[in-house]
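Enquirer: Just one file: query14.json, with JSON, C-alpha atoms.
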[["chain", "number", "residue", "atom", "x", "y", "z"],
["N", 1, "MET", "CA", 11.40, -2.02, 2.27],
["N", 2, "THR", "CA", 13.24, -2.06, 5.59],
["N", 3, "ALA", "CA", 16.40, -0.36, 4.29],
["N", 4, "PHE", "CA", 18.06, 0.92, 1.11],
["N", 5, "GLU", "CA", 20.88, -1.59, 1.00],
["N", 6, "TRP", "CA", 23.28, -1.87, -1.93],
["N", 7, "VAL", "CA", 25.71, -4.77, -2.11],
["N", 8, "SER", "CA", 27.34, -4.87, -5.54],
["N", 9, "ASP", "CA", 25.09, -6.58, -8.10],
["N", 10, "GLU", "CA", 23.32, -8.77, -5.55],
["N", 11, "THR", "CA", 20.95, -6.00, -4.51],
["N", 12, "GLY", "CA", 20.28, -5.13, -8.13],
["N", 13, "HIS", "CA", 19.11, -8.70, -8.79],
["N", 14, "ALA", "CA", 16.71, -8.47, -5.82],
["N", 15, "TYR", "CA", 15.33, -5.18, -7.11],
["N", 16, "ASP", "CA", 14.94, -6.67, -10.59],
["N", 17, "ASP", "CA", 12.89, -9.57, -9.24],
["N", 18, "ALA", "CA", 10.69, -7.22, -7.22],
["N", 19, "MET", "CA", 10.18, -4.84, -10.14],
["N", 20, "ARG", "CA", 9.19, -7.67, -12.49],
["N", 21, "PHE", "CA", 6.58, -8.77, -9.97],
["N", 22, "LEU", "CA", 5.24, -5.24, -9.39],
["N", 23, "LYS", "CA", 5.15, -4.47, -13.10],
["N", 24, "GLY", "CA", 2.31, -6.94, -13.55],
["N", 25, "GLY", "CA", 0.06, -5.11, -11.10],
["N", 26, "ASP", "CA", -2.44, -2.32, -11.69],
["N", 27, "ALA", "CA", -0.78, -0.07, -9.09],
["N", 28, "VAL", "CA", 2.40, -0.11, -7.00],
["N", 29, "LEU", "CA", 2.50, 0.35, -3.22],
["N", 30, "ILE", "CA", 5.94, 0.75, -1.60],
["N", 31, "ASP", "CA", 6.11, 0.70, 2.20],
["N", 32, "LEU", "CA", 8.94, 2.83, 3.63],
["N", 33, "ARG", "CA", 7.58, 3.05, 7.19],
["N", 34, "GLY", "CA", 10.46, 2.60, 9.63],
["N", 35, "ASN", "CA", 13.04, 2.55, 6.82],
["N", 36, "GLY", "CA", 16.10, 4.30, 8.29],
["N", 37, "GLY", "CA", 17.80, 4.82, 4.94],
["N", 38, "GLY", "CA", 21.01, 3.48, 3.46],
["N", 39, "SER", "CA", 22.69, 3.86, 0.10],
["N", 40, "SER", "CA", 22.09, 6.50, -2.55],
["N", 41, "GLU", "CA", 22.87, 3.85, -5.19],
["N", 42, "ALA", "CA", 19.81, 1.90, -4.06],
["N", 43, "VAL", "CA", 17.65, 5.03, -4.28],
["N", 44, "GLN", "CA", 18.96, 5.71, -7.77],
["N", 45, "TYR", "CA", 18.17, 2.15, -8.88],
["N", 46, "LEU", "CA", 14.64, 2.17, -7.48],
["N", 47, "ALA", "CA", 13.80, 5.69, -8.71],
["N", 48, "SER", "CA", 15.09, 4.86, -12.19],
["N", 49, "HIS", "CA", 12.11, 2.53, -12.72],
["N", 50, "PHE", "CA", 9.71, 5.48, -12.55],
["N", 51, "LEU", "CA", 11.66, 8.15, -14.47],
["N", 52, "LYS", "CA", 13.01, 8.66, -17.99],
["N", 53, "ALA", "CA", 16.60, 7.62, -18.63],
["N", 54, "GLY", "CA", 19.16, 10.38, -18.09],
["N", 55, "THR", "CA", 16.95, 12.51, -15.83],
["N", 56, "LEU", "CA", 18.97, 14.34, -13.17],
["N", 57, "GLU", "CA", 17.78, 12.70, -9.95],
["N", 58, "ILE", "CA", 19.84, 14.59, -7.34],
["N", 59, "THR", "CA", 23.11, 16.47, -6.83],
["N", 60, "PHE", "CA", 25.36, 15.90, -3.81],
["N", 61, "GLN", "CA", 27.34, 18.90, -2.63],
["N", 62, "HIS", "CA", 30.27, 18.39, -0.24],
["N", 63, "ALA", "CA", 32.53, 21.01, 1.29],
["N", 64, "GLY", "CA", 35.74, 21.34, -0.69],
["N", 65, "ARG", "CA", 34.68, 18.92, -3.43],
["N", 66, "GLU", "CA", 33.11, 19.15, -6.87],
["N", 67, "PRO", "CA", 29.31, 18.48, -6.89],
["N", 68, "VAL", "CA", 28.36, 14.91, -7.79],
["N", 69, "GLN", "CA", 25.28, 14.36, -9.95],
["N", 70, "THR", "CA", 23.14, 11.22, -9.87],
["N", 71, "ARG", "CA", 21.11, 10.51, -12.99],
["N", 72, "VAL", "CA", 18.44, 7.98, -13.88],
["N", 73, "LEU", "CA", 19.96, 4.76, -15.24],
["N", 74, "ASP", "CA", 19.71, 3.90, -18.93],
["N", 75, "HIS", "CA", 19.38, 0.12, -18.61],
["N", 76, "LEU", "CA", 16.95, -1.65, -16.30],
["N", 77, "PRO", "CA", 16.48, -5.43, -16.73],
["N", 78, "ALA", "CA", 12.87, -5.24, -15.52],
["N", 79, "GLY", "CA", 11.99, -2.20, -17.64],
["N", 80, "ARG", "CA", 10.29, 1.00, -16.48],
["N", 81, "MET", "CA", 6.92, 1.64, -14.88],
["N", 82, "ILE", "CA", 6.45, 5.26, -15.91],
["N", 83, "GLY", "CA", 2.83, 6.32, -15.43],
["N", 84, "LYS", "CA", 1.80, 3.33, -13.29],
["N", 85, "PRO", "CA", -0.12, 4.53, -10.20],
["N", 86, "LEU", "CA", 2.37, 4.71, -7.31],
["N", 87, "TYR", "CA", 1.70, 5.04, -3.59],
["N", 88, "VAL", "CA", 4.53, 5.31, -1.05],
["N", 89, "LEU", "CA", 3.95, 4.83, 2.68],
["N", 90, "ILE", "CA", 5.98, 7.04, 5.03],
["N", 91, "ASP", "CA", 6.26, 7.86, 8.73],
["N", 92, "GLN", "CA", 8.59, 9.51, 11.25],
["N", 93, "GLY", "CA", 10.83, 6.43, 11.11],
["N", 94, "ALA", "CA", 11.57, 6.94, 7.40],
["N", 95, "ALA", "CA", 14.91, 8.77, 7.20],
["N", 96, "SER", "CA", 17.83, 9.67, 4.96],
["N", 97, "ALA", "CA", 17.78, 7.54, 1.79],
["N", 98, "ALA", "CA", 14.14, 6.57, 2.39],
["N", 99, "GLU", "CA", 13.29, 10.27, 2.47],
["N", 100, "SER", "CA", 15.30, 10.80, -0.69],
["N", 101, "PHE", "CA", 13.10, 8.36, -2.61],
["N", 102, "ALA", "CA", 9.93, 9.81, -1.07],
["N", 103, "TYR", "CA", 11.13, 13.29, -2.02],
["N", 104, "ASP", "CA", 11.69, 12.13, -5.60],
["N", 105, "VAL", "CA", 8.14, 10.76, -5.72],
["N", 106, "GLN", "CA", 6.76, 14.06, -4.49],
["N", 107, "GLN", "CA", 8.94, 16.48, -6.47],
["N", 108, "PHE", "CA", 8.73, 14.60, -9.77],
["N", 109, "LYS", "CA", 4.99, 13.97, -9.15],
["N", 110, "LEU", "CA", 5.41, 10.24, -9.61],
["N", 111, "GLY", "CA", 2.66, 9.29, -7.15],
["N", 112, "LYS", "CA", 1.20, 9.97, -3.72],
["N", 113, "LEU", "CA", 2.86, 9.82, -0.30],
["N", 114, "VAL", "CA", 0.57, 8.37, 2.37],
["N", 115, "GLY", "CA", 1.15, 8.47, 6.14],
["N", 116, "ALA", "CA", 3.01, 10.99, 8.30],
["N", 117, "SER", "CA", 5.97, 13.36, 7.82],
["N", 118, "THR", "CA", 9.41, 11.76, 7.68],
["N", 119, "ALA", "CA", 12.39, 12.30, 10.01],
["N", 120, "GLY", "CA", 14.06, 15.23, 8.21],
["N", 121, "ALA", "CA", 17.58, 13.82, 7.87],
["N", 122, "ALA", "CA", 19.02, 14.91, 4.54],
["N", 123, "ASN", "CA", 22.54, 16.26, 5.07],
["N", 124, "THR", "CA", 25.64, 14.08, 5.26],
["N", 125, "ASN", "CA", 27.94, 14.23, 8.26],
["N", 126, "GLU", "CA", 31.45, 13.27, 9.35],
["N", 127, "PHE", "CA", 32.74, 12.43, 12.84],
["N", 128, "VAL", "CA", 35.66, 14.39, 14.28],
["N", 129, "PRO", "CA", 37.49, 13.21, 17.43],
["N", 130, "ILE", "CA", 37.52, 15.67, 20.33],
["N", 131, "ALA", "CA", 39.96, 15.08, 23.22],
["N", 132, "PRO", "CA", 39.86, 13.44, 25.66],
["N", 133, "GLY", "CA", 37.25, 10.96, 24.37],
["N", 134, "PHE", "CA", 34.41, 12.58, 22.45],
["N", 135, "MET", "CA", 33.22, 12.50, 18.85],
["N", 136, "LEU", "CA", 31.69, 15.54, 17.14],
["N", 137, "SER", "CA", 29.26, 15.04, 14.26],
["N", 138, "VAL", "CA", 29.74, 17.79, 11.68],
["N", 139, "SER", "CA", 27.49, 18.36, 8.67],
["N", 140, "THR", "CA", 29.74, 18.42, 5.61],
["N", 141, "GLY", "CA", 27.41, 17.99, 2.66],
["N", 142, "ARG", "CA", 23.86, 18.12, 1.41],
["N", 143, "PRO", "CA", 21.71, 16.77, -1.40],
["N", 144, "VAL", "CA", 20.08, 19.30, -3.74],
["N", 145, "HIS", "CA", 17.03, 18.22, -5.69],
["N", 146, "PRO", "CA", 16.75, 19.50, -9.30],
["N", 147, "ILE", "CA", 13.08, 20.47, -8.90],
["N", 148, "SER", "CA", 12.97, 22.20, -5.51],
["N", 149, "LYS", "CA", 16.63, 23.33, -5.50],
["N", 150, "ALA", "CA", 16.54, 22.30, -1.83],
["N", 151, "ASN", "CA", 16.09, 19.19, 0.34],
["N", 152, "TRP", "CA", 14.18, 17.87, 3.37],
["N", 153, "GLU", "CA", 16.71, 18.58, 6.13],
["N", 154, "GLY", "CA", 14.96, 19.49, 9.39],
["N", 155, "THR", "CA", 11.47, 19.54, 7.90],
["N", 156, "GLY", "CA", 11.02, 16.01, 6.61],
["N", 157, "VAL", "CA", 8.89, 15.06, 3.64],
["N", 158, "ALA", "CA", 5.20, 15.75, 4.23],
["N", 159, "PRO", "CA", 2.60, 13.23, 3.03],
["N", 160, "ASP", "CA", 0.15, 14.07, 0.27],
["N", 161, "VAL", "CA", -2.49, 12.13, 2.20],
["N", 162, "ALA", "CA", -2.00, 12.44, 5.96],
["N", 163, "THR", "CA", -3.16, 9.39, 7.90],
["N", 164, "PRO", "CA", -2.02, 7.51, 11.01],
["N", 165, "PRO", "CA", 1.00, 5.43, 9.92],
["N", 166, "SER", "CA", -0.66, 2.25, 11.21],
["N", 167, "GLN", "CA", -3.44, 2.79, 8.66],
["N", 168, "ALA", "CA", -1.26, 3.96, 5.77],
["N", 169, "LEU", "CA", -1.29, 0.65, 3.89],
["N", 170, "ASP", "CA", -5.08, 0.34, 3.96],
["N", 171, "GLN", "CA", -5.46, 4.03, 3.08],
["N", 172, "ALA", "CA", -3.14, 3.69, 0.08],
["N", 173, "HIS", "CA", -4.93, 0.51, -1.01],
["N", 174, "ALA", "CA", -8.29, 2.30, -0.84],
["N", 175, "LEU", "CA", -6.94, 5.30, -2.79],
["N", 176, "ALA", "CA", -5.59, 2.99, -5.48],
["N", 177, "LEU", "CA", -8.83, 1.04, -5.81],
["N", 178, "ARG", "CA", -10.96, 4.20, -6.09],
["N", 179, "ALA", "CA", -8.65, 5.75, -8.67],
["N", 180, "LEU", "CA", -8.44, 2.57, -10.73],
["N", 181, "ALA", "CA", -12.21, 2.07, -10.69],
["N", 182, "ALA", "CA", -12.75, 5.66, -11.86],
["N", 183, "ALA", "CA", -10.17, 5.39, -14.64],
["N", 184, "HIS", "CA", -10.95, 1.97, -16.10],
["N", 185, "PRO", "CA", -13.66, 1.87, -18.80],
["N", 186, "ALA", "CA", -14.41, -1.88, -18.67],
["N", 187, "PRO", "CA", -17.40, -2.59, -16.38],
["N", 188, "GLN", "CA", -16.09, -6.02, -15.33],
["N", 189, "ILE", "CA", -12.72, -4.57, -14.30],
["N", 190, "GLN", "CA", -14.49, -1.77, -12.41],
["N", 191, "ALA", "CA", -16.58, -4.41, -10.65],
["N", 192, "ASP", "CA", -13.41, -6.15, -9.43],
["N", 193, "TYR", "CA", -12.14, -2.91, -7.87],
["N", 194, "ASP", "CA", -15.55, -2.15, -6.38],
["N", 195, "TRP", "CA", -15.67, -5.64, -4.87],
["N", 196, "ALA", "CA", -12.31, -5.23, -3.14],
["N", 197, "LEU", "CA", -12.93, -1.72, -1.78],
["N", 198, "PRO", "CA", -15.50, -2.36, 1.02],
["N", 199, "GLU", "CA", -13.20, -4.76, 2.87],
["N", 200, "VAL", "CA", -10.34, -2.25, 2.79],
["N", 201, "GLU", "CA", -12.63, 0.58, 3.93],
["N", 202, "ALA", "CA", -13.95, -1.62, 6.75],
["N", 203, "ARG", "CA", -10.39, -1.93, 8.11],
["N", 204, "LEU", "CA", -10.05, 1.86, 8.02],
["N", 205, "ARG", "CA", -13.47, 2.54, 9.52],
["N", 206, "PRO", "CA", -14.83, -0.61, 11.20],
["N", 207, "ALA", "CA", -18.54, -1.05, 10.62],
["N", 208, "THR", "CA", -21.02, -1.27, 13.49],
["N", 209, "VAL", "CA", -24.03, -3.51, 13.03],
["N", 210, "SER", "CA", -27.05, -2.78, 15.19],
["N", 211, "ALA", "CA", -27.87, -5.06, 18.11],
["N", 212, "ALA", "CA", -31.30, -5.61, 16.55],
["N", 213, "THR", "CA", -29.71, -7.02, 13.38],
["N", 214, "VAL", "CA", -27.44, -9.35, 15.36],
["N", 215, "THR", "CA", -30.36, -10.53, 17.48],
["N", 216, "ALA", "CA", -32.69, -11.14, 14.53],
["N", 217, "ALA", "CA", -30.18, -12.75, 12.16],
["N", 218, "PRO", "CA", -29.83, -16.31, 13.59],
["N", 219, "GLY", "CA", -31.90, -18.89, 11.75],
["N", 220, "ALA", "CA", -32.01, -21.17, 8.72],
["N", 221, "TYR", "CA", -32.13, -19.72, 5.19],
["N", 222, "GLY", "CA", -32.39, -22.36, 2.50],
["N", 223, "LYS", "CA", -29.29, -24.55, 2.94],
["N", 224, "TYR", "CA", -27.51, -21.92, 5.07],
["N", 225, "VAL", "CA", -27.65, -21.44, 8.83],
["N", 226, "VAL", "CA", -26.72, -18.25, 10.73],
["N", 227, "THR", "CA", -25.78, -18.47, 14.41],
["N", 228, "ALA", "CA", -24.81, -15.85, 16.96],
["N", 229, "GLU", "CA", -21.74, -16.35, 19.16],
["N", 230, "LYS", "CA", -19.88, -14.10, 21.60],
["N", 231, "ASP", "CA", -17.55, -12.93, 18.81],
["N", 232, "GLY", "CA", -20.33, -12.17, 16.34],
["N", 233, "LEU", "CA", -22.32, -13.94, 13.63],
["N", 234, "TRP", "CA", -21.34, -17.21, 11.97],
["N", 235, "LEU", "CA", -22.53, -18.78, 8.72],
["N", 236, "ALA", "CA", -22.71, -22.53, 8.09],
["N", 237, "ARG", "CA", -23.77, -24.75, 5.22],
["N", 238, "PRO", "CA", -24.42, -28.15, 6.85],
["N", 239, "GLY", "CA", -23.51, -31.17, 4.74],
["N", 240, "HIS", "CA", -21.50, -29.27, 2.12],
["N", 241, "PRO", "CA", -18.14, -31.04, 1.52],
["N", 242, "LEU", "CA", -16.25, -27.76, 0.91],
["N", 243, "TRP", "CA", -17.81, -26.00, 3.89],
["N", 244, "PRO", "CA", -17.50, -28.48, 6.77],
["N", 245, "GLU", "CA", -17.30, -25.91, 9.57],
["N", 246, "PRO", "CA", -19.13, -22.62, 10.29],
["N", 247, "ARG", "CA", -17.36, -19.47, 9.12],
["N", 248, "ARG", "CA", -17.41, -16.15, 10.91],
["N", 249, "ILE", "CA", -18.96, -13.27, 8.97],
["N", 250, "LYS", "CA", -17.45, -9.82, 9.51],
["N", 251, "PRO", "CA", -19.41, -6.58, 9.01],
["N", 252, "LEU", "CA", -18.30, -4.48, 6.05],
["N", 253, "THR", "CA", -20.96, -1.76, 6.22],
["N", 254, "ASN", "CA", -23.34, -0.41, 8.85],
["N", 255, "ASP", "CA", -26.37, -1.55, 6.83],
["N", 256, "GLY", "CA", -25.71, -5.27, 7.21],
["N", 257, "LEU", "CA", -23.26, -6.32, 4.50],
["N", 258, "PHE", "CA", -20.80, -8.98, 5.71],
["N", 259, "ALA", "CA", -17.65, -10.64, 4.42],
["N", 260, "VAL", "CA", -17.34, -14.40, 4.89],
["N", 261, "GLU", "CA", -14.06, -15.37, 6.52],
["N", 262, "GLY", "CA", -12.01, -17.49, 4.12],
["N", 263, "VAL", "CA", -14.40, -17.07, 1.16],
["N", 264, "ASP", "CA", -13.41, -13.97, -0.80],
["N", 265, "SER", "CA", -15.94, -14.61, -3.56],
["N", 266, "LEU", "CA", -19.00, -14.31, -1.30],
["N", 267, "ARG", "CA", -20.61, -11.42, 0.60],
["N", 268, "VAL", "CA", -23.71, -11.79, 2.77],
["N", 269, "GLY", "CA", -26.46, -9.22, 3.30],
["N", 270, "VAL", "CA", -28.48, -9.71, 6.46],
["N", 271, "LYS", "CA", -32.06, -8.47, 5.98],
["N", 272, "PRO", "CA", -35.25, -8.88, 8.05],
["N", 273, "ASN", "CA", -36.24, -12.55, 7.64],
["N", 274, "ALA", "CA", -33.98, -12.97, 4.61],
["N", 275, "LEU", "CA", -30.37, -13.49, 3.57],
["N", 276, "GLU", "CA", -28.77, -12.02, 0.45],
["N", 277, "LEU", "CA", -25.89, -13.97, -1.10],
["N", 278, "TRP", "CA", -23.72, -11.67, -3.20],
["N", 279, "TRP", "CA", -21.41, -13.83, -5.33],
["N", 280, "LYS", "CA", -18.53, -12.08, -7.04],
["N", 281, "GLY", "CA", -19.29, -11.58, -10.73],
["N", 282, "GLU", "CA", -23.07, -11.77, -10.33],
["N", 283, "PRO", "CA", -24.91, -8.42, -10.77],
["N", 284, "THR", "CA", -27.71, -9.17, -8.31],
["N", 285, "PRO", "CA", -27.86, -11.16, -5.06],
["N", 286, "ARG", "CA", -29.54, -14.50, -4.51],
["N", 287, "LEU", "CA", -32.33, -14.02, -1.97],
["N", 288, "LEU", "CA", -32.93, -16.71, 0.63],
["N", 289, "ASN", "CA", -35.98, -16.31, 2.87],
["N", 290, "ARG", "CA", -35.97, -17.62, 6.40],
["N", 291, "ASN", "CA", -37.14, -21.25, 6.56]]
Represent the structure of the file as structure tokens.
Expert:
Amino acid sequence: MTAFEWVSDETGHAYDDAMRFLKGGDAVLIDLRGNGGGSSEAVQYLASHFLKAGTLEITFQHAGREPVQTRVLDHLPAGRMIGKPLYVLIDQGAASAAESFAYDVQQFKLGKLVGASTAGAANTNEFVPIAPGFMLSVSTGRPVHPISKANWEGTGVAPDVATPPSQALDQAHALALRALAAAHPAPQIQADYDWALPEVEARLRPATVSAATVTAAPGAYGKYVVTAEKDGLWLARPGHPLWPEPRRIKPLTNDGLFAVEGVDSLRVGVKPNALELWWKGEPTPRLLNRN
């Protein structure tokens, strides 16, 4: 989300479409990195999907005015996602309304914040003209959260899992996969999460394959051929109609497990004088000895 815009019902329709899509997933990841904020109505609409109807979300206090309470909406066309694992990505560029949603997630314990502390811009301000040609920004109001009885002005919202913002998406994805695998009782579903995790972890901590492995790997293994190029190892299956060109294989682990570029259902284990083909859904690899 690049901003918390709210334009009459049009924005609500966009949120509804997004929420219907996210509702079908096992976990929800919302990226607020670089989101400078926007409208409190948009925050209310988004937060309402993760909270019970009628919950006091925040109170706005302004000098000389009665406090204004914002509560969780009763009706949501896409329904609620209470209890669904939620991960929100934040950084120093997340400010104002973006921080308000992140603060809700943290204070109501709706999920985990991943990344770096936010900007720390909570209070509202008004501009006052100063002769002969200046404008003075004066803080005139502040949000007060019902849980903390405070806000994030000046301090920002701290992440639950601190990580470089550039890696926050992969970190949140890895956290979600580990948690889902641990919580789901069905072995086949667990296997799906376990299959996805190594590739995400490899982006967080790139694997290093030994020079000896790279040097020894090239050769023919059954119908497959491994070659070494300047950019790494490549796998080919000559004569196969669905595999006309060699595909680069990328290291996932330091012990020689590789992902095949463009083929998500196959992993390759490079062993001395042998190749292991790990097909998704199969409990054991197919072993191909060097020809």
Enquirer: Would you pick out the contacts of Pro198 in chain N at 12 Å or less, using only C-alpha atoms, so that residues sharing its chain but fewer than 2 positions from it are not included, and give the list as a VMD selection string?
Expert: chain N and resid 170 173 to 174 177 to 178 191 to 196 200 to 207 250 to 254 257 to 259 264 267
Enquirer: What is the CA of Lys109 in chain N-CA of Thr55 in chain N distance in Å, reported with one decimal?
Expert: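 That distance, rounded to one decimal, is 13.8 Å.
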Enquirer: Considering all atoms listed in the file, return as an MDAnalysis selection string whatever protein or nucleic-acid residues lie within 12 Å of Arg20 in chain N, sequence-local ones (same chain, fewer than 2 positions apart) excluded.
Expert: chainID N and resid 13:18 22:25 28 49 76:81
Enquirer: Using only C-alpha atoms, please write the residues we just selected to a file, as a PDB file, in the frame of the given file.
Expert:
ATOM      1  CA  HIS N  13      19.110  -8.700  -8.790  1.00  0.00           C
ATOM      2  CA  ALA N  14      16.710  -8.470  -5.820  1.00  0.00           C
ATOM      3  CA  TYR N  15      15.330  -5.180  -7.110  1.00  0.00           C
ATOM      4  CA  ASP N  16      14.940  -6.670 -10.590  1.00  0.00           C
ATOM      5  CA  ASP N  17      12.890  -9.570  -9.240  1.00  0.00           C
ATOM      6  CA  ALA N  18      10.690  -7.220  -7.220  1.00  0.00           C
ATOM      7  CA  LEU N  22       5.240  -5.240  -9.390  1.00  0.00           C
ATOM      8  CA  LYS N  23       5.150  -4.470 -13.100  1.00  0.00           C
ATOM      9  CA  GLY N  24       2.310  -6.940 -13.550  1.00  0.00           C
ATOM     10  CA  GLY N  25       0.060  -5.110 -11.100  1.00  0.00           C
ATOM     11  CA  VAL N  28       2.400  -0.110  -7.000  1.00  0.00           C
ATOM     12  CA  HIS N  49      12.110   2.530 -12.720  1.00  0.00           C
ATOM     13  CA  LEU N  76      16.950  -1.650 -16.300  1.00  0.00           C
ATOM     14  CA  PRO N  77      16.480  -5.430 -16.730  1.00  0.00           C
ATOM     15  CA  ALA N  78      12.870  -5.240 -15.520  1.00  0.00           C
ATOM     16  CA  GLY N  79      11.990  -2.200 -17.640  1.00  0.00           C
ATOM     17  CA  ARG N  80      10.290   1.000 -16.480  1.00  0.00           C
ATOM     18  CA  MET N  81       6.920   1.640 -14.880  1.00  0.00           C
TER      19      MET N  81
END
Enquirer: Nearest to Glu66 in chain N: which of N:Gly239, N:Gly219, N:Gly141, N:Gly154 is it, counting only C-alpha atoms?
Expert: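 That would be N:Gly141, the residue with the smallest distance to Glu66 in chain N.
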Enquirer: With a distance cut-off of 8 Å and only C-alpha atoms, select the neighbouring residues of Arg247 in chain N, excluding the residue or stretch itself and same-chain residues fewer than 5 positions from it, and output the selection as a PyMOL selection string.
Expert: chain N and resi 234-236+260-262
Enquirer: Any chance you could export the current selection's C-alpha atoms as a short mmCIF file (atom, residue, chain, number, x, y, z; two decimals), in the coordinates of the input?
Expert:
data_model
loop_
_atom_site.label_atom_id
_atom_site.label_comp_id
_atom_site.auth_asym_id
_atom_site.auth_seq_id
_atom_site.Cartn_x
_atom_site.Cartn_y
_atom_site.Cartn_z
CA TRP N 234 -21.34 -17.21 11.97
CA LEU N 235 -22.53 -18.78 8.72
CA ALA N 236 -22.71 -22.53 8.09
CA VAL N 260 -17.34 -14.40 4.89
CA GLU N 261 -14.06 -15.37 6.52
CA GLY N 262 -12.01 -17.49 4.12
#
Enquirer: Would you kindly return, as a PyMOL selection string, each protein, DNA or RNA residue with an atom no farther than 8 Å from any atom of Lys112 in chain N, considering all atoms listed in the file and excluding same-chain residues fewer than 4 positions away?
Expert: chain N and resi 86-88+105-106+159-161
Enquirer: Using the selection just defined, write its residues with C-alpha atoms as a CSV table (one decimal), keeping the file's coordinate frame.
Expert:
chain,number,residue,atom,x,y,z
N,86,LEU,CA,2.4,4.7,-7.3
N,87,TYR,CA,1.7,5.0,-3.6
N,88,VAL,CA,4.5,5.3,-1.0
N,105,VAL,CA,8.1,10.8,-5.7
N,106,GLN,CA,6.8,14.1,-4.5
N,159,PRO,CA,2.6,13.2,3.0
N,160,ASP,CA,0.2,14.1,0.3
N,161,VAL,CA,-2.5,12.1,2.2
Enquirer: Select from range 82-195 of chain N every residue with an atom at most 10 Å from any atom of range 40-44 of chain N, then for each give the shortest pair of atoms and their distance in Å to one decimal, using all atoms listed in the file, rows by chain and rising number, as a tab-separated table.
Expert:
residue	atom	partner	partner_atom	distance
N:Ser96	CA	N:Ser40	CA	9.2
N:Ala97	CA	N:Ser40	CA	6.2
N:Ala98	CA	N:Val43	CA	7.7
N:Glu99	CA	N:Val43	CA	9.6
N:Ser100	CA	N:Val43	CA	7.2
N:Phe101	CA	N:Val43	CA	5.9
N:Ala102	CA	N:Val43	CA	9.6
N:Asp104	CA	N:Val43	CA	9.4
Enquirer: One decimal, Å: what's the distance from CA of Gly93 in chain N over to CA of Phe127 in chain N, could you say?
Expert: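 These atoms are spaced 22.8 Å apart.
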Enquirer: Do you know which residues are at most 12 Å from Val138 in chain N counting all atoms listed in the file, after dropping those on the same chain fewer than 3 positions away, and could you put them as number ranges by chain?
Expert: N: 62-63, 123-130, 135, 141-142
